[in-house]
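Q: Below are the structure tokens for one structure; questions will follow.
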Amino acid sequence: MTTTTPTALPAQAREQRSRTIRRRRRGLSPGRRLPASRLIGPVLFLALWAAASAAGQLDPAAIPAPWTVLRTAGRLWSAGTLPTDILTSLERAAYGFTIGLAAGVVLALAAGLSRVGEALIDGTVNLNRAIPTLGLIPLFILWLGIGEAFKIAIIAIVVYVPIYLNTHSALSGIDSRFVELAEVQGLSRFRFIRQIVIPGALPGFFVGLRLGVTGSWLGLVVLEQINATSGLGYMMFQAQNYGQSDVILVGLLVYGIFGLVSDSAVRLIERRVLSWRRTLSS
């Protein structure tokens with residue numbers, strides 16, 4: 001007959017308690033992350049599209065089959081028009097996004113770290129947010145002409161607003177107890193900003209960054225249909241005039257791929273930079 005020693009009882013109880021806590025956590029959490037989970041939805045959509053096209057449930061003139069769209073994309077690529085339009089769109093989006101990112105971060109830091117900066121900047125940015133950005137297009141055309149400058153400026157505005165709002169909100173939402181702790185530790189203002197403020201604001205910054213990336217593509221698809229001579233939006237606008245729905249779908253698919261890839265890249269960087277956080281998604 002085996003006996004349990006007094007010292008073994010607490011160890012067994014602790015082990016049983018840890019098992020119970022782990023089971024409870026598994027029951028409350030969303031579960032393990034599925035491999036390539038973000039591709040499941042798009043792949044399912046393409047499968048349904050292909051099945052409906054093969055069954056004759058879709059009008060080919062309005063919604064061509066996926067294989068028709070792929071053949072059109074191959075033809076445009078071989079002709080050299082699609083690569084040129086893609087490079088032009090990427091260049092516009094890159095310039096506008098870079099300017100918007102820099103403006104959003106600088107303004108958020110100025111407003112979030114200084115009461116004077118907040119008084120001068122925050123109200124102005126929120127006023128800008130209340131004005132439809134695409135409604136500024138006629139005014140910017142008068143100011144900057146119909147060239148590339150006004151398109152890049154509009155994209156920059158679309159990008160900087162969400163980056164500013166989310167970063168400024170994260171800066172303002174840092175717990176005051178961290179400020180008290182920094183004062184007790186005798187941290188200088190520079191070390192306080194570098195070690196506490198910036199890391200604390202990074203989650204909000206990445207939320208704004210994802211919104212800014214998405215906004216740059218949404219703004220681009222509209223801007224490239226206004227006084228443009230190249231780009232994916234221009235290609236789609238010309239296809240609309242000739243009733244080429246397959247070409248329009250090629251442009252939409254390229255925009256969708258760019259949006260998905262850029263958002264995934266930001267999410268990957270966010271997971272690497274914020275690897276110290278323990279969240280449901282991690």
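Simple scheme: letters A, B, ... for chains in structure tokens order, numbers from 1 for residues in each chain, numbers from 1 for ligands in the order shown.
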Excluding Val213 in chain A and any residue of its chain fewer than 4 positions from it, enumerate the residues within 7 Å of it, using only C-alpha atoms, and give them as a VMD selection string.
A: chain A and resid 159 209 217 262 to 263
Q: Excluding Phe178 in chain A and any residue of its chain fewer than 2 positions from it, enumerate the residues within 10 Å of it, using only C-alpha atoms, and give them as a list in words.
A: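 Near neighbours after the sequence-gap exclusion: Ile174, Asp175, Ser176, Glu180, Leu181, Ala182, Glu183, Val184, Phe192, Ile196, Val197 and Gly200 of chain A.
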Q: Residues of the last selection are to be written out with all heavy atoms, as a PDB file, in the first residue's frame.
A:
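Resulting contents of result-v1.pdb:
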```
ATOM      1  N   ILE A 174      -1.926  56.753 -21.869  1.00  0.00           N
ATOM      2  CA  ILE A 174      -0.932  56.095 -21.014  1.00  0.00           C
ATOM      3  C   ILE A 174      -1.289  56.327 -19.549  1.00  0.00           C
ATOM      4  O   ILE A 174      -1.590  57.453 -19.141  1.00  0.00           O
ATOM      5  CB  ILE A 174       0.477  56.617 -21.335  1.00  0.00           C
ATOM      6  CG1 ILE A 174       0.878  56.181 -22.752  1.00  0.00           C
ATOM      7  CG2 ILE A 174       1.500  56.130 -20.325  1.00  0.00           C
ATOM      8  CD1 ILE A 174       2.211  56.703 -23.206  1.00  0.00           C
ATOM      9  N   ASP A 175      -1.250  55.277 -18.770  1.00  0.00           N
ATOM     10  CA  ASP A 175      -1.659  55.336 -17.365  1.00  0.00           C
ATOM     11  C   ASP A 175      -0.790  56.326 -16.597  1.00  0.00           C
ATOM     12  O   ASP A 175       0.441  56.322 -16.715  1.00  0.00           O
ATOM     13  CB  ASP A 175      -1.538  53.941 -16.741  1.00  0.00           C
ATOM     14  CG  ASP A 175      -2.357  53.809 -15.470  1.00  0.00           C
ATOM     15  OD1 ASP A 175      -2.341  54.757 -14.655  1.00  0.00           O
ATOM     16  OD2 ASP A 175      -3.014  52.772 -15.285  1.00  0.00           O
ATOM     17  N   SER A 176      -1.441  57.152 -15.793  1.00  0.00           N
ATOM     18  CA  SER A 176      -0.708  58.152 -15.006  1.00  0.00           C
ATOM     19  C   SER A 176       0.207  57.518 -13.970  1.00  0.00           C
ATOM     20  O   SER A 176       1.158  58.154 -13.499  1.00  0.00           O
ATOM     21  CB  SER A 176      -1.689  59.101 -14.315  1.00  0.00           C
ATOM     22  OG  SER A 176      -2.531  58.386 -13.429  1.00  0.00           O
ATOM     23  N   GLU A 180       4.012  58.581 -12.498  1.00  0.00           N
ATOM     24  CA  GLU A 180       4.445  58.638 -11.103  1.00  0.00           C
ATOM     25  C   GLU A 180       5.641  57.728 -10.864  1.00  0.00           C
ATOM     26  O   GLU A 180       6.583  58.087 -10.130  1.00  0.00           O
ATOM     27  CB  GLU A 180       3.275  58.233 -10.204  1.00  0.00           C
ATOM     28  CG  GLU A 180       2.073  59.176 -10.291  1.00  0.00           C
ATOM     29  CD  GLU A 180       0.868  58.642  -9.541  1.00  0.00           C
ATOM     30  OE1 GLU A 180       0.972  57.517  -8.990  1.00  0.00           O
ATOM     31  OE2 GLU A 180      -0.177  59.322  -9.525  1.00  0.00           O
ATOM     32  N   LEU A 181       5.631  56.539 -11.467  1.00  0.00           N
ATOM     33  CA  LEU A 181       6.758  55.627 -11.310  1.00  0.00           C
ATOM     34  C   LEU A 181       8.027  56.222 -11.901  1.00  0.00           C
ATOM     35  O   LEU A 181       9.113  56.116 -11.306  1.00  0.00           O
ATOM     36  CB  LEU A 181       6.435  54.289 -11.973  1.00  0.00           C
ATOM     37  CG  LEU A 181       7.537  53.220 -11.931  1.00  0.00           C
ATOM     38  CD1 LEU A 181       7.857  52.847 -10.495  1.00  0.00           C
ATOM     39  CD2 LEU A 181       7.106  51.983 -12.726  1.00  0.00           C
ATOM     40  N   ALA A 182       7.903  56.862 -13.081  1.00  0.00           N
ATOM     41  CA  ALA A 182       9.076  57.489 -13.698  1.00  0.00           C
ATOM     42  C   ALA A 182       9.616  58.609 -12.831  1.00  0.00           C
ATOM     43  O   ALA A 182      10.840  58.801 -12.732  1.00  0.00           O
ATOM     44  CB  ALA A 182       8.704  58.019 -15.086  1.00  0.00           C
ATOM     45  N   GLU A 183       8.737  59.372 -12.190  1.00  0.00           N
ATOM     46  CA  GLU A 183       9.190  60.447 -11.299  1.00  0.00           C
ATOM     47  C   GLU A 183       9.905  59.883 -10.087  1.00  0.00           C
ATOM     48  O   GLU A 183      10.919  60.414  -9.638  1.00  0.00           O
ATOM     49  CB  GLU A 183       7.998  61.298 -10.884  1.00  0.00           C
ATOM     50  CG  GLU A 183       7.399  62.118 -12.027  1.00  0.00           C
ATOM     51  CD  GLU A 183       6.142  62.845 -11.600  1.00  0.00           C
ATOM     52  OE1 GLU A 183       5.618  62.536 -10.503  1.00  0.00           O
ATOM     53  OE2 GLU A 183       5.663  63.718 -12.366  1.00  0.00           O
ATOM     54  N   VAL A 184       9.371  58.773  -9.554  1.00  0.00           N
ATOM     55  CA  VAL A 184      10.019  58.148  -8.398  1.00  0.00           C
ATOM     56  C   VAL A 184      11.397  57.622  -8.779  1.00  0.00           C
ATOM     57  O   VAL A 184      12.368  57.751  -8.022  1.00  0.00           O
ATOM     58  CB  VAL A 184       9.138  57.011  -7.842  1.00  0.00           C
ATOM     59  CG1 VAL A 184       9.892  56.215  -6.774  1.00  0.00           C
ATOM     60  CG2 VAL A 184       7.855  57.583  -7.246  1.00  0.00           C
ATOM     61  N   PHE A 192      12.007  59.034 -20.190  1.00  0.00           N
ATOM     62  CA  PHE A 192      10.601  58.747 -19.957  1.00  0.00           C
ATOM     63  C   PHE A 192       9.876  58.550 -21.290  1.00  0.00           C
ATOM     64  O   PHE A 192       9.085  57.614 -21.455  1.00  0.00           O
ATOM     65  CB  PHE A 192       9.958  59.885 -19.159  1.00  0.00           C
ATOM     66  CG  PHE A 192       8.465  59.814 -19.088  1.00  0.00           C
ATOM     67  CD1 PHE A 192       7.838  58.808 -18.372  1.00  0.00           C
ATOM     68  CD2 PHE A 192       7.674  60.757 -19.740  1.00  0.00           C
ATOM     69  CE1 PHE A 192       6.455  58.731 -18.303  1.00  0.00           C
ATOM     70  CE2 PHE A 192       6.300  60.695 -19.675  1.00  0.00           C
ATOM     71  CZ  PHE A 192       5.681  59.680 -18.958  1.00  0.00           C
ATOM     72  N   ILE A 196       8.960  54.656 -21.875  1.00  0.00           N
ATOM     73  CA  ILE A 196       7.584  54.451 -21.423  1.00  0.00           C
ATOM     74  C   ILE A 196       6.566  54.946 -22.450  1.00  0.00           C
ATOM     75  O   ILE A 196       5.652  54.205 -22.837  1.00  0.00           O
ATOM     76  CB  ILE A 196       7.353  55.140 -20.062  1.00  0.00           C
ATOM     77  CG1 ILE A 196       8.238  54.480 -18.999  1.00  0.00           C
ATOM     78  CG2 ILE A 196       5.885  55.072 -19.658  1.00  0.00           C
ATOM     79  CD1 ILE A 196       8.131  55.110 -17.631  1.00  0.00           C
ATOM     80  N   VAL A 197       6.730  56.189 -22.890  1.00  0.00           N
ATOM     81  CA  VAL A 197       5.706  56.785 -23.762  1.00  0.00           C
ATOM     82  C   VAL A 197       5.674  56.095 -25.122  1.00  0.00           C
ATOM     83  O   VAL A 197       4.602  55.672 -25.578  1.00  0.00           O
ATOM     84  CB  VAL A 197       5.953  58.297 -23.914  1.00  0.00           C
ATOM     85  CG1 VAL A 197       4.988  58.894 -24.926  1.00  0.00           C
ATOM     86  CG2 VAL A 197       5.793  58.999 -22.570  1.00  0.00           C
ATOM     87  N   GLY A 200       4.448  52.480 -25.001  1.00  0.00           N
ATOM     88  CA  GLY A 200       3.033  52.449 -24.654  1.00  0.00           C
ATOM     89  C   GLY A 200       2.127  52.885 -25.784  1.00  0.00           C
ATOM     90  O   GLY A 200       0.965  52.476 -25.860  1.00  0.00           O
TER      91      GLY A 200
END
```
Q: Applying 10 Å and only C-alpha atoms, which residues near range 139-154 of chain A remain after dropping the ones on its own chain fewer than 2 positions away? List them as a count of residues only.
A: 29
Q: Near range 264-267 of chain A, within 12 Å and counting only C-alpha atoms, which residues show up once chain neighbours fewer than 5 positions away are dropped, as a list of chain:residue names?
A: A:Ala36, A:Ser37, A:Arg38, A:Leu39, A:Pro203, A:Phe205, A:Phe206, A:Val207, A:Gly208, A:Leu209, A:Arg210, A:Leu211, A:Gly212, A:Val213, A:Thr214, A:Ile257, A:Phe258, A:Gly259, A:Arg272, A:Val273, A:Leu274, A:Ser275, A:Ser281, A:Ser282
Q: As a ChimeraX atom specification, which residues of range 203-271 of chain A does DSSP assign to alpha helix (DSSP H)?
A: /A:203-223,232-241,245-271
Q: Ranking A:Leu218, A:Val261, A:Ile198, A:Ala111 by minimum distance to Ile155 in chain A and counting only C-alpha atoms, which one comes first?
A: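 Checking each of A:Leu218, A:Val261, A:Ile198, A:Ala111 against Ile155 in chain A, counting only C-alpha atoms, the winner is A:Leu218.
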Q: Counting only C-alpha atoms, which of A:Ala47, A:Val105, A:Leu113, A:Ala73 gets nearest to Arg189 in chain A?
A: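 Nearest candidate to Arg189 in chain A out of A:Ala47, A:Val105, A:Leu113, A:Ala73: A:Leu113.
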Q: Please compute the CA of Gly104 in chain A-CA of Ile163 in chain A distance, one decimal, in Å.
A: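 Between CA of Gly104 in chain A and CA of Ile163 in chain A the gap works out to 5.3 Å.
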